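Trainee: The structure that follows is given in the form of structure tokens.
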Amino acid sequence: MTSSALTSAYPPFGLTIRAGSLTLRPVTDDVLPQLVRLAADGIHDRATMPFYYPWTDAPPDRLPAEFVQYHWGIRARWSRAAWSLEFAVEHDGEIVGVQGVSTQDYLVTRTGETGSWLGQRYQGHGIGTKMRQTICAFLFDDVDAAEIRSGAFTDNPASLAVSRKLGFRPDGTQRMARRGALAEVQRLVLSPDAFVRGEPIEVVGIDAFRAFVGLDG
């Protein structure tokens, strides 16, 4: 199947979002090896765990297979009732991380929850903020989101700081098990009027995507 035919069959592969030096591009099979290498190089201090599902705890010999299976699974499970988008983040032409959003009953709720990771060597330069601003602008402006949700463990101040910059407000807490111990998650919600925008975005492939998820006839 040609690239254009694949995009026609699966429109999420046709989505590209640009904001200045940042590009969110689909996680296609050709980019998976770059993301595997980036994840293997390190995302966070091994003594901490910022993710709800501790996928970075996988042994080095199993991480590559589990990583690609996860992304293949997103495609296999896609439905209008529950869809997720995962973008490879490219900054100044270099792959630096992943920015995603997951939804449930989106045509009714108009709500998505963001999630992301950034290679450790790229952290601390404002890229994480730009990633989240870009995906939030896309959700509000191009797919009619009414609100956007997020969350982070209360001992992850960097993630919570990014949320505050963008205008997210606290929306309660949640108790979760993390590495066999109790941890607390700060839930967050963002409304369009509170959103602190970054650079203007340019979106390619939005018409086909909107039709695919049922927003347009």
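Please note that chains go A, B, ... in the order of the structure tokens, that every chain numbers its residues from 1, and that ligands are numbered from 1 in the order shown.
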Using 7 Å as the limit and counting only C-alpha atoms, can you tabulate each residue of range 16-83 of chain A that touches range 202-212 of chain A, with its shortest atom-to-atom distance in Å and the two atoms involved, as JSON lines?
Mentor:
{"residue": "A:Thr16", "atom": "CA", "partner": "A:Val204", "partner_atom": "CA", "distance": 5.1}
{"residue": "A:Ile17", "atom": "CA", "partner": "A:Val203", "partner_atom": "CA", "distance": 4.6}
{"residue": "A:Arg18", "atom": "CA", "partner": "A:Glu202", "partner_atom": "CA", "distance": 5.1}
{"residue": "A:Ala19", "atom": "CA", "partner": "A:Glu202", "partner_atom": "CA", "distance": 6.6}
Trainee: If you run DSSP over the backbone, which residues in range 101-196 of chain A end up strand (DSSP E)? Put them as a ChimeraX atom specification.
Mentor: /A:101-103,111-118,147-153,169-178,181-190
Trainee: Would you tabulate, counting only C-alpha atoms, all residues of range 79-184 of chain A that have an atom at most 7 Å from an atom of range 26-32 of chain A, showing the closest pair of atoms and their distance in Å to one decimal, sorted by chain then ascending number, as a tab-separated table?
Mentor:
residue	atom	partner	partner_atom	distance
A:Glu86	CA	A:Val27	CA	6.3
A:Phe87	CA	A:Pro26	CA	4.8
A:Ala88	CA	A:Val27	CA	5.5
Trainee: Generate a file of the selected residues that holds C-alpha atoms, formatted as a compact mmCIF listing (two decimals), in the first residue's frame.
Mentor:
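Dumped everything to result-v9.txt:
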# COMPACT_ATOMS: atom_id res chain seq x y z
CA GLU A 86 0.11 10.09 19.47
CA PHE A 87 2.45 12.52 17.72
CA ALA A 88 6.22 12.39 17.43
Trainee: Could you make a table, as a Markdown table, of the residues of range 118-144 of chain A that have an atom within 10 Å of an atom of range 151-175 of chain A, each with its nearest atom pair and distance in Å to one decimal, counting only C-alpha atoms, in chain and number order?
Mentor:
| residue | atom | partner | partner_atom | distance |
| --- | --- | --- | --- | --- |
| A:Gln123 | CA | A:Ala158 | CA | 9.7 |
| A:Gly124 | CA | A:Ala158 | CA | 9.0 |
| A:Gly126 | CA | A:Val162 | CA | 9.0 |
| A:Gly128 | CA | A:Val162 | CA | 7.4 |
| A:Thr129 | CA | A:Val162 | CA | 5.6 |
| A:Lys130 | CA | A:Val162 | CA | 9.3 |
| A:Arg132 | CA | A:Leu166 | CA | 8.1 |
| A:Gln133 | CA | A:Leu166 | CA | 6.8 |
| A:Cys136 | CA | A:Leu166 | CA | 9.0 |
Trainee: List the spatial neighbours of Leu38 in chain A as a ChimeraX atom specification - criterion: any atom at most 9 Å away, only C-alpha atoms, same-chain residues fewer than 6 positions off excluded.
Mentor: /A:95-97,118-120
Trainee: Within 9 Å of Ser102 in chain A, counting only C-alpha atoms, which residues qualify if same-chain residues fewer than 2 places away don't, as a VMD selection string?
Mentor: chain A and resid 82 to 86 100 104 111 to 115
Trainee: Keeping N, CA and C atoms for every residue in the selection just given, could you write it to a file as a PDB file, in the first residue's frame?
Mentor:
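Generated output (result29.pdb):
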ATOM      1  N   ALA A  82     -13.725   5.636  21.241  1.00  0.00           N
ATOM      2  CA  ALA A  82     -12.537   5.824  22.083  1.00  0.00           C
ATOM      3  C   ALA A  82     -11.315   5.876  21.183  1.00  0.00           C
ATOM      4  N   TRP A  83     -10.795   7.076  20.964  1.00  0.00           N
ATOM      5  CA  TRP A  83      -9.620   7.203  20.104  1.00  0.00           C
ATOM      6  C   TRP A  83      -8.518   7.978  20.801  1.00  0.00           C
ATOM      7  N   SER A  84      -7.296   7.661  20.381  1.00  0.00           N
ATOM      8  CA  SER A  84      -6.112   8.333  20.898  1.00  0.00           C
ATOM      9  C   SER A  84      -5.236   8.760  19.737  1.00  0.00           C
ATOM     10  N   LEU A  85      -4.617   9.906  19.890  1.00  0.00           N
ATOM     11  CA  LEU A  85      -3.638  10.405  18.933  1.00  0.00           C
ATOM     12  C   LEU A  85      -2.290  10.481  19.623  1.00  0.00           C
ATOM     13  N   GLU A  86      -1.263   9.969  18.975  1.00  0.00           N
ATOM     14  CA  GLU A  86       0.106  10.091  19.471  1.00  0.00           C
ATOM     15  C   GLU A  86       0.943  10.721  18.363  1.00  0.00           C
ATOM     16  N   GLY A 100       0.584  13.289  23.144  1.00  0.00           N
ATOM     17  CA  GLY A 100      -0.620  12.562  22.803  1.00  0.00           C
ATOM     18  C   GLY A 100      -1.862  13.141  23.452  1.00  0.00           C
ATOM     19  N   GLN A 104     -12.704   9.602  25.137  1.00  0.00           N
ATOM     20  CA  GLN A 104     -13.759   8.615  25.366  1.00  0.00           C
ATOM     21  C   GLN A 104     -15.084   9.292  25.029  1.00  0.00           C
ATOM     22  N   THR A 111     -14.170  16.183  25.102  1.00  0.00           N
ATOM     23  CA  THR A 111     -13.109  16.254  26.104  1.00  0.00           C
ATOM     24  C   THR A 111     -11.998  15.275  25.746  1.00  0.00           C
ATOM     25  N   GLY A 112     -10.751  15.715  25.894  1.00  0.00           N
ATOM     26  CA  GLY A 112      -9.613  14.831  25.718  1.00  0.00           C
ATOM     27  C   GLY A 112      -8.626  15.038  26.849  1.00  0.00           C
ATOM     28  N   GLU A 113      -7.810  14.025  27.102  1.00  0.00           N
ATOM     29  CA  GLU A 113      -6.792  14.124  28.152  1.00  0.00           C
ATOM     30  C   GLU A 113      -5.412  14.033  27.513  1.00  0.00           C
ATOM     31  N   THR A 114      -4.570  15.006  27.813  1.00  0.00           N
ATOM     32  CA  THR A 114      -3.240  15.044  27.214  1.00  0.00           C
ATOM     33  C   THR A 114      -2.245  14.217  28.016  1.00  0.00           C
ATOM     34  N   GLY A 115      -1.229  13.751  27.331  1.00  0.00           N
ATOM     35  CA  GLY A 115      -0.108  13.050  27.950  1.00  0.00           C
ATOM     36  C   GLY A 115       1.107  13.223  27.065  1.00  0.00           C
TER      37      GLY A 115
END
Trainee: Identify which of the residues A:Leu24, A:Leu182, A:Arg197, A:Leu215 lies closest to Tyr52 in chain A, counting only C-alpha atoms when measuring atom-to-atom distances.
Mentor: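 Using only C-alpha atoms, the shortest distance to Tyr52 in chain A belongs to A:Leu182.
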Trainee: Quick one: of A:Ala181, A:Val213, A:Ala9, A:Val68, who's nearest to Ala39 in chain A, counting only C-alpha atoms?
Mentor: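 That would be A:Val68, the residue with the smallest distance to Ala39 in chain A.
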